[in-house]
Amino acid sequence: MRRTKEDAEKTRQTVLEAALKLFSRDGYSLTTLSRIAKEAGCSRGPIYWHFENKDDLYEAVLAYSQEPLEALVAECSGMLETPVEAMDHFIECWLGLLANDRKYRQSFEILLNKTELTDAMSRTLKRERALTKSIIAMFRDLVGQAVGQGLISTQEDPEDLGLLSYTYLMGITQTWLFAPKLFSLKQQTPFFQRQFWRLLGKSN
């Protein structure tokens, strides 16, 4: 029985990897369950064993590929005593994962460039909006702590600066995914970090 469960989990992982590859390369509309099955080296039966339909698989793929980001949010949210270090760490890891982690990068490619988000994907949209709100809230709390500790001098509301922080990172992300040869993400990361602190009003 244990071996059967292990085999089933291995098959599920293989299907997720195959779907992640095809969704990020060809988009949601052009990726069929038959093509995913072929890529995974199985029939459609195992896919339906683990997932209700393509939408369910799509949601699982995003959850799977965004695990590093969710772990990073949780980690930095627990670093309120050192808010500047927490935000620096978050930015460095966000951009580092984007440059070096294929799964993480593909999750953004799927969402930003490869999917027409409609009401039919309400569960996925709800999940992604919740993740977005958690990142903005993390920045809001860290900025508030930094202001309270005298590390950032600003008259702006931490809530607004949390939103600014998120949109700043998403702008870099979208630009690089659209034109990766425009700049080296690895080389420009220190520059992006410095400009982030200028936006927030941190003194040197």
# chains A, B, ... in the order shown; residues from 1 in each chain; ligands from 1

$ residues_around --residues "A:Arg25" --least-positions-apart "6" --cutoff "12 Å" --atoms "only C-alpha atoms" --output "PyMOL selection string"
chain A and resi 18-19+31+105-111+113-115

$ closest_atom_pairs --of "stretch 77-135 of chain A" --to "stretch 181-193 of chain A" --cutoff "8 Å" --atoms "only C-alpha atoms" --output "tab-separated table"
residue	atom	partner	partner_atom	distance
A:Asp88	CA	A:Gln193	CA	7.0
A:Ile91	CA	A:Gln193	CA	7.0
A:Glu92	CA	A:Thr189	CA	7.0
A:Leu95	CA	A:Thr189	CA	6.9
A:Gly96	CA	A:Lys186	CA	7.1
A:Ala99	CA	A:Leu185	CA	6.6

$ select_by_dssp --residues "stretch 9-143 of chain A" --states "alpha helix (DSSP H)" --output "PyMOL selection string"
chain A and resi 9-26+33-40+44-50+54-65+67-77+83-100+102-113+122-143

$ closest_residue --among "A:Ser24, A:Ala60, A:Asp55, A:Leu16" --to "A:Ser122" --atoms "only C-alpha atoms"
A:Asp55

$ closest_residue --among "A:Lys103, A:Leu200, A:Met121, A:Ser29" --to "A:Tyr168" --atoms "only C-alpha atoms"
A:Leu200

$ closest_residue --among "A:His50, A:Pro180, A:Leu69, A:Leu57" --to "A:Leu33" --atoms "only C-alpha atoms"
A:Leu57

$ atom_distance --atom1 "atom CA of A:Ile136" --atom2 "atom CA of A:Pro158"
9.9 Å

$ residues_around --residues "A:Leu142" --least-positions-apart "4" --cutoff "7 Å" --atoms "only C-alpha atoms" --output "PyMOL selection string"
chain A and resi 80+83+138+146

$ residues_around --residues "A:Val15" --least-positions-apart "6" --cutoff "9 Å" --atoms "only C-alpha atoms" --output "PyMOL selection string"
chain A and resi 36-37+39-42+46-47+57

$ closest_residue --among "A:Ser65, A:Thr118, A:Thr132, A:Ser153" --to "A:Arg198" --atoms "only C-alpha atoms"
A:Ser153

$ residues_around --residues "A:Gly171" --least-positions-apart "5" --cutoff "12 Å" --atoms "only C-alpha atoms" --output "PyMOL selection string"
chain A and resi 95+108+112+164-166+176-178+192

$ write_last_selection --atoms "all heavy atoms" --output "compact mmCIF listing (two decimals), in the first residue's frame"
# COMPACT_ATOMS: atom_id res chain seq x y z
N LEU A 95 14.16 38.47 -6.56
CA LEU A 95 14.86 38.60 -7.84
C LEU A 95 15.78 37.41 -8.10
O LEU A 95 15.95 36.99 -9.24
CB LEU A 95 15.64 39.91 -7.87
CG LEU A 95 14.79 41.19 -7.76
CD1 LEU A 95 15.67 42.43 -7.76
CD2 LEU A 95 13.76 41.26 -8.88
N PHE A 108 5.26 33.05 -12.88
CA PHE A 108 5.00 34.42 -13.32
C PHE A 108 4.72 34.47 -14.82
O PHE A 108 3.87 35.24 -15.27
CB PHE A 108 6.20 35.32 -12.99
CG PHE A 108 6.23 35.78 -11.57
CD1 PHE A 108 7.14 35.27 -10.67
CD2 PHE A 108 5.34 36.75 -11.12
CE1 PHE A 108 7.16 35.69 -9.35
CE2 PHE A 108 5.36 37.20 -9.82
CZ PHE A 108 6.27 36.66 -8.92
N LEU A 112 1.33 36.20 -15.97
CA LEU A 112 1.45 37.52 -16.58
C LEU A 112 1.36 37.51 -18.11
O LEU A 112 0.88 38.47 -18.70
CB LEU A 112 2.78 38.16 -16.16
CG LEU A 112 2.97 38.41 -14.66
CD1 LEU A 112 4.35 38.98 -14.39
CD2 LEU A 112 1.89 39.35 -14.13
N LEU A 164 3.37 50.38 -3.02
CA LEU A 164 4.46 50.84 -3.88
C LEU A 164 5.55 49.77 -3.99
O LEU A 164 6.08 49.50 -5.07
CB LEU A 164 5.05 52.14 -3.34
CG LEU A 164 6.27 52.69 -4.09
CD1 LEU A 164 5.89 53.09 -5.51
CD2 LEU A 164 6.87 53.87 -3.33
N SER A 165 5.88 49.15 -2.88
CA SER A 165 6.93 48.12 -2.85
C SER A 165 6.56 46.95 -3.75
O SER A 165 7.39 46.45 -4.52
CB SER A 165 7.15 47.63 -1.42
OG SER A 165 7.53 48.68 -0.57
N TYR A 166 5.32 46.53 -3.65
CA TYR A 166 4.86 45.40 -4.47
C TYR A 166 4.86 45.74 -5.95
O TYR A 166 5.36 44.97 -6.78
CB TYR A 166 3.47 44.95 -4.03
CG TYR A 166 2.88 43.87 -4.90
CD1 TYR A 166 3.30 42.56 -4.78
CD2 TYR A 166 1.91 44.18 -5.86
CE1 TYR A 166 2.78 41.56 -5.60
CE2 TYR A 166 1.39 43.20 -6.68
CZ TYR A 166 1.82 41.89 -6.54
OH TYR A 166 1.31 40.91 -7.35
N TRP A 176 11.37 42.23 -17.19
CA TRP A 176 12.43 41.25 -17.46
C TRP A 176 11.87 40.01 -18.17
O TRP A 176 12.50 39.47 -19.07
CB TRP A 176 13.13 40.85 -16.17
CG TRP A 176 14.31 39.96 -16.41
CD1 TRP A 176 15.52 40.30 -16.95
CD2 TRP A 176 14.38 38.55 -16.12
NE1 TRP A 176 16.34 39.20 -17.01
CE2 TRP A 176 15.67 38.12 -16.51
CE3 TRP A 176 13.50 37.64 -15.56
CZ2 TRP A 176 16.09 36.79 -16.36
CZ3 TRP A 176 13.91 36.32 -15.41
CH2 TRP A 176 15.19 35.90 -15.80
N LEU A 177 10.68 39.55 -17.75
CA LEU A 177 10.08 38.39 -18.40
C LEU A 177 9.74 38.69 -19.86
O LEU A 177 9.87 37.84 -20.73
CB LEU A 177 8.83 37.95 -17.66
CG LEU A 177 9.04 37.28 -16.30
CD1 LEU A 177 7.70 37.01 -15.64
CD2 LEU A 177 9.82 35.97 -16.44
N PHE A 178 9.31 39.92 -20.12
CA PHE A 178 8.94 40.31 -21.48
C PHE A 178 10.17 40.48 -22.37
O PHE A 178 10.14 40.13 -23.56
CB PHE A 178 8.14 41.62 -21.45
CG PHE A 178 7.69 42.09 -22.80
CD1 PHE A 178 6.67 41.44 -23.48
CD2 PHE A 178 8.29 43.18 -23.41
CE1 PHE A 178 6.26 41.87 -24.73
CE2 PHE A 178 7.89 43.61 -24.66
CZ PHE A 178 6.87 42.95 -25.32
N PHE A 192 18.68 47.75 -8.19
CA PHE A 192 17.25 47.77 -7.88
C PHE A 192 17.03 47.88 -6.36
O PHE A 192 16.09 48.54 -5.92
CB PHE A 192 16.57 46.53 -8.42
CG PHE A 192 16.45 46.49 -9.92
CD1 PHE A 192 16.72 45.32 -10.64
CD2 PHE A 192 16.08 47.62 -10.63
CE1 PHE A 192 16.61 45.29 -12.02
CE2 PHE A 192 15.96 47.60 -12.01
CZ PHE A 192 16.23 46.43 -12.71

$ closest_residue --among "A:Ala8, A:Leu161, A:Leu125, A:Val73" --to "A:Val143" --atoms "only C-alpha atoms"
A:Leu161
